[in-house]
Amino acid sequence: MRVKEVAGKTAFVTGAASGIGLGIATAFAQAGAKVMLCDIEEAALSAALEQLRLTNVDVDGVKADVSLKAELAAAAEATTARYGKVHILVNNAGVAGGGPYGTWTDASWNWTLGVNLMATIWGIEIFGPLIEQHGEGGHIVSTASLAGLISGASTAYNVSKYGVVALSEGLRQELAPRGIGVSVLCPGYVRTQIMNSGRNLPKRFVGAVRAPPTSGPIAERIDQIRERVAQGIDPLYVGELVREGIENDWPYIFTDLEFEPMVEARFAGIKQGFDHIRGRTPKR
């Protein structure tokens, strides 16, 4: 009962007012899906809906801070009230909060893990039964990152994305017998507002999450990433890849080949760890 085409299906997409989320929502809508866009930015959400409706697609929107479970549950209720059924869940909302060891704060961990990981967990917990109950099959896509496969820093962002990969890999095995496909999206540099995540910092974290440094090695690295993101891949191209990934049940959805050698090097390092103990008999 897996989703073989998104046309005629209903999708719920978080972080959908801009960037990858809007690219996914647009690709789905253009392919004939009904889409509920969810975002914390009300003005951007309204603008996205206005633009999509120019092509007479069946889209709607709901404002929610997905790092608050109650708001995500309310968004699910709004979606079923509007469309009746949900077939596709896209856990896409994400923030880049907090720095590496030596700059950690509890607030930056709580914010980043709340949006990137806990909202993904809650989304599956809330929407999974809604997908199961109609018996028509469905699909779950969660946005991780190449940083969820090759961690170059001890940041909350990287840790959260590793969590999304692990969750997706486990769920793919568990939900397949229930007719629900699971894919994890691991994009490289895509043209988004991820480097301006602070614009959506919830009031409960204001003053507790440190602003990024403006000088020094960390600031230089942030500037490099910001430049790469600004010149990144078109989000609509990513959206089309996600549509194709759902329709063909890809377990992993990548956007480009830039980081493939680094992923292979990581796997080689893991293999080397086994080689260190090859031939030994563990004591029992």
# chains A, B, ... in the order shown; residues from 1 in each chain; ligands from 1
>>> select_by_dssp(residues="range 41-222 of chain A", states="strand (DSSP E or B)", output="ChimeraX atom specification")
/A:59-63,88-91,138-143,180-186,190
>>> write_last_selection(atoms="N, CA, C and O atoms", output="PDB file, in the first residue's frame")
ATOM      1  N   VAL A  59      -3.962  23.995  -1.319  1.00  0.00           N
ATOM      2  CA  VAL A  59      -3.029  24.131  -0.206  1.00  0.00           C
ATOM      3  C   VAL A  59      -3.678  24.931   0.915  1.00  0.00           C
ATOM      4  O   VAL A  59      -4.589  25.720   0.696  1.00  0.00           O
ATOM      5  N   ASP A  60      -3.184  24.707   2.118  1.00  0.00           N
ATOM      6  CA  ASP A  60      -3.621  25.473   3.272  1.00  0.00           C
ATOM      7  C   ASP A  60      -2.439  25.583   4.226  1.00  0.00           C
ATOM      8  O   ASP A  60      -1.395  24.955   4.008  1.00  0.00           O
ATOM      9  N   GLY A  61      -2.615  26.344   5.293  1.00  0.00           N
ATOM     10  CA  GLY A  61      -1.509  26.546   6.206  1.00  0.00           C
ATOM     11  C   GLY A  61      -1.944  26.574   7.650  1.00  0.00           C
ATOM     12  O   GLY A  61      -3.085  26.907   7.971  1.00  0.00           O
ATOM     13  N   VAL A  62      -1.004  26.251   8.536  1.00  0.00           N
ATOM     14  CA  VAL A  62      -1.252  26.310   9.972  1.00  0.00           C
ATOM     15  C   VAL A  62       0.031  26.757  10.668  1.00  0.00           C
ATOM     16  O   VAL A  62       1.111  26.251  10.373  1.00  0.00           O
ATOM     17  N   LYS A  63      -0.098  27.720  11.560  1.00  0.00           N
ATOM     18  CA  LYS A  63       1.056  28.224  12.298  1.00  0.00           C
ATOM     19  C   LYS A  63       1.291  27.346  13.522  1.00  0.00           C
ATOM     20  O   LYS A  63       0.359  27.020  14.250  1.00  0.00           O
ATOM     21  N   ILE A  88       1.038  11.643   3.775  1.00  0.00           N
ATOM     22  CA  ILE A  88       2.479  11.917   3.756  1.00  0.00           C
ATOM     23  C   ILE A  88       2.823  12.911   4.854  1.00  0.00           C
ATOM     24  O   ILE A  88       2.212  13.976   4.960  1.00  0.00           O
ATOM     25  N   LEU A  89       3.799  12.561   5.663  1.00  0.00           N
ATOM     26  CA  LEU A  89       4.332  13.457   6.696  1.00  0.00           C
ATOM     27  C   LEU A  89       5.752  13.830   6.323  1.00  0.00           C
ATOM     28  O   LEU A  89       6.579  12.949   6.053  1.00  0.00           O
ATOM     29  N   VAL A  90       6.029  15.123   6.305  1.00  0.00           N
ATOM     30  CA  VAL A  90       7.394  15.592   6.072  1.00  0.00           C
ATOM     31  C   VAL A  90       7.837  16.399   7.286  1.00  0.00           C
ATOM     32  O   VAL A  90       7.394  17.528   7.500  1.00  0.00           O
ATOM     33  N   ASN A  91       8.707  15.800   8.092  1.00  0.00           N
ATOM     34  CA  ASN A  91       9.303  16.480   9.242  1.00  0.00           C
ATOM     35  C   ASN A  91      10.514  17.252   8.742  1.00  0.00           C
ATOM     36  O   ASN A  91      11.615  16.704   8.652  1.00  0.00           O
ATOM     37  N   GLY A 138       1.073   5.093   3.204  1.00  0.00           N
ATOM     38  CA  GLY A 138       1.598   6.442   3.386  1.00  0.00           C
ATOM     39  C   GLY A 138       3.109   6.463   3.381  1.00  0.00           C
ATOM     40  O   GLY A 138       3.764   5.441   3.101  1.00  0.00           O
ATOM     41  N   HIS A 139       3.651   7.628   3.692  1.00  0.00           N
ATOM     42  CA  HIS A 139       5.105   7.777   3.675  1.00  0.00           C
ATOM     43  C   HIS A 139       5.507   8.870   4.653  1.00  0.00           C
ATOM     44  O   HIS A 139       4.796   9.869   4.809  1.00  0.00           O
ATOM     45  N   ILE A 140       6.649   8.667   5.291  1.00  0.00           N
ATOM     46  CA  ILE A 140       7.223   9.651   6.204  1.00  0.00           C
ATOM     47  C   ILE A 140       8.613  10.018   5.712  1.00  0.00           C
ATOM     48  O   ILE A 140       9.450   9.141   5.479  1.00  0.00           O
ATOM     49  N   VAL A 141       8.846  11.307   5.545  1.00  0.00           N
ATOM     50  CA  VAL A 141      10.169  11.821   5.193  1.00  0.00           C
ATOM     51  C   VAL A 141      10.615  12.758   6.311  1.00  0.00           C
ATOM     52  O   VAL A 141       9.863  13.644   6.712  1.00  0.00           O
ATOM     53  N   SER A 142      11.815  12.553   6.806  1.00  0.00           N
ATOM     54  CA  SER A 142      12.363  13.453   7.815  1.00  0.00           C
ATOM     55  C   SER A 142      13.667  14.045   7.291  1.00  0.00           C
ATOM     56  O   SER A 142      14.515  13.318   6.756  1.00  0.00           O
ATOM     57  N   THR A 143      13.809  15.349   7.443  1.00  0.00           N
ATOM     58  CA  THR A 143      14.998  16.026   6.948  1.00  0.00           C
ATOM     59  C   THR A 143      16.118  15.944   7.974  1.00  0.00           C
ATOM     60  O   THR A 143      16.009  16.495   9.071  1.00  0.00           O
ATOM     61  N   ILE A 180       3.660   1.801   5.436  1.00  0.00           N
ATOM     62  CA  ILE A 180       4.186   3.159   5.507  1.00  0.00           C
ATOM     63  C   ILE A 180       5.670   3.135   5.157  1.00  0.00           C
ATOM     64  O   ILE A 180       6.459   2.469   5.830  1.00  0.00           O
ATOM     65  N   GLY A 181       6.033   3.851   4.109  1.00  0.00           N
ATOM     66  CA  GLY A 181       7.430   3.976   3.735  1.00  0.00           C
ATOM     67  C   GLY A 181       8.108   5.052   4.560  1.00  0.00           C
ATOM     68  O   GLY A 181       7.458   5.975   5.056  1.00  0.00           O
ATOM     69  N   VAL A 182       9.406   4.937   4.722  1.00  0.00           N
ATOM     70  CA  VAL A 182      10.175   5.914   5.490  1.00  0.00           C
ATOM     71  C   VAL A 182      11.448   6.259   4.729  1.00  0.00           C
ATOM     72  O   VAL A 182      12.186   5.365   4.306  1.00  0.00           O
ATOM     73  N   SER A 183      11.676   7.548   4.561  1.00  0.00           N
ATOM     74  CA  SER A 183      12.894   8.034   3.911  1.00  0.00           C
ATOM     75  C   SER A 183      13.531   9.103   4.785  1.00  0.00           C
ATOM     76  O   SER A 183      12.830   9.836   5.479  1.00  0.00           O
ATOM     77  N   VAL A 184      14.852   9.199   4.725  1.00  0.00           N
ATOM     78  CA  VAL A 184      15.541  10.296   5.399  1.00  0.00           C
ATOM     79  C   VAL A 184      16.229  11.137   4.332  1.00  0.00           C
ATOM     80  O   VAL A 184      16.926  10.623   3.458  1.00  0.00           O
ATOM     81  N   LEU A 185      15.967  12.431   4.375  1.00  0.00           N
ATOM     82  CA  LEU A 185      16.558  13.385   3.439  1.00  0.00           C
ATOM     83  C   LEU A 185      17.852  13.919   4.039  1.00  0.00           C
ATOM     84  O   LEU A 185      17.847  14.467   5.148  1.00  0.00           O
ATOM     85  N   CYS A 186      18.953  13.739   3.323  1.00  0.00           N
ATOM     86  CA  CYS A 186      20.266  14.203   3.791  1.00  0.00           C
ATOM     87  C   CYS A 186      20.840  15.190   2.779  1.00  0.00           C
ATOM     88  O   CYS A 186      21.689  14.838   1.952  1.00  0.00           O
ATOM     89  N   VAL A 190      21.995  23.730   0.538  1.00  0.00           N
ATOM     90  CA  VAL A 190      20.784  24.127  -0.177  1.00  0.00           C
ATOM     91  C   VAL A 190      20.489  25.583   0.169  1.00  0.00           C
ATOM     92  O   VAL A 190      20.749  26.033   1.291  1.00  0.00           O
TER      93      VAL A 190
END
>>> closest_atom_pairs(of="range 161-235 of chain A", to="range 94-100 of chain A", cutoff="7 Å", atoms="only C-alpha atoms", output="tab-separated table")
residue	atom	partner	partner_atom	distance
A:Ile194	CA	A:Val95	CA	6.0
A:Met195	CA	A:Ala96	CA	6.5
A:Ser197	CA	A:Val95	CA	5.3
>>> select_by_dssp(residues="range 1-230 of chain A", states="alpha helix (DSSP H)", output="ChimeraX atom specification")
/A:19-30,42-52,69-83,106-113,119-134,156-175,217-230
>>> closest_atom_pairs(of="range 38-109 of chain A", to="range 204-226 of chain A", cutoff="7 Å", atoms="only C-alpha atoms", output="CSV")
residue,atom,partner,partner_atom,distance
A:Thr105,CA,A:Val209,CA,7.0
A:Ala107,CA,A:Val209,CA,5.6
A:Ser108,CA,A:Val209,CA,5.2
>>> write_last_selection(atoms="N, CA and C atoms", output="compact mmCIF listing (two decimals), in the first residue's frame")
# COMPACT_ATOMS: atom_id res chain seq x y z
N THR A 105 25.32 25.74 25.65
CA THR A 105 24.41 26.18 26.71
C THR A 105 23.23 25.22 26.72
N ALA A 107 20.17 25.99 26.93
CA ALA A 107 19.10 26.55 26.10
C ALA A 107 19.32 26.23 24.62
N SER A 108 20.55 26.35 24.15
CA SER A 108 20.81 26.08 22.73
C SER A 108 20.60 24.61 22.40
>>> closest_residue(among="A:Ile150, A:Leu54, A:Val159, A:Ala16", to="Phe267 in chain A", atoms="only C-alpha atoms")
A:Ile150
>>> atom_distance(atom1="CA of Val86 in chain A", atom2="CA of Thr10 in chain A")
5.0 Å
>>> closest_residue(among="A:Val6, A:Leu149, A:Ala156, A:Ala17", to="Glu50 in chain A", atoms="only C-alpha atoms")
A:Ala17
>>> residues_around(residues="Phe259 in chain A", least_positions_apart="3", cutoff="8 Å", atoms="only C-alpha atoms", output="ChimeraX atom specification")
/A:146,188,256,262-263
>>> residues_around(residues="Ser18 in chain A", least_positions_apart="4", cutoff="10 Å", atoms="only C-alpha atoms", output="PyMOL selection string")
chain A and resi 22-25+39+41+44-45+47-48+93+191-194+235
>>> closest_residue(among="A:Gly152, A:Glu260, A:Trp111, A:Arg278", to="Asn200 in chain A", atoms="only C-alpha atoms")
A:Trp111
>>> atom_distance(atom1="CA of Gly148 in chain A", atom2="CA of Tyr189 in chain A")
13.3 Å
>>> residues_around(residues="Gly114 in chain A", least_positions_apart="2", cutoff="10 Å", atoms="only C-alpha atoms", output="list in words")
Asp65, Val66, Ser67, Leu68, Lys69, Gly94, Val95, Ser108, Trp109, Asn110, Trp111, Thr112, Asn116, Leu117, Met118, Ala119, Thr120, Ile121, Trp122 and Ser160 of chain A
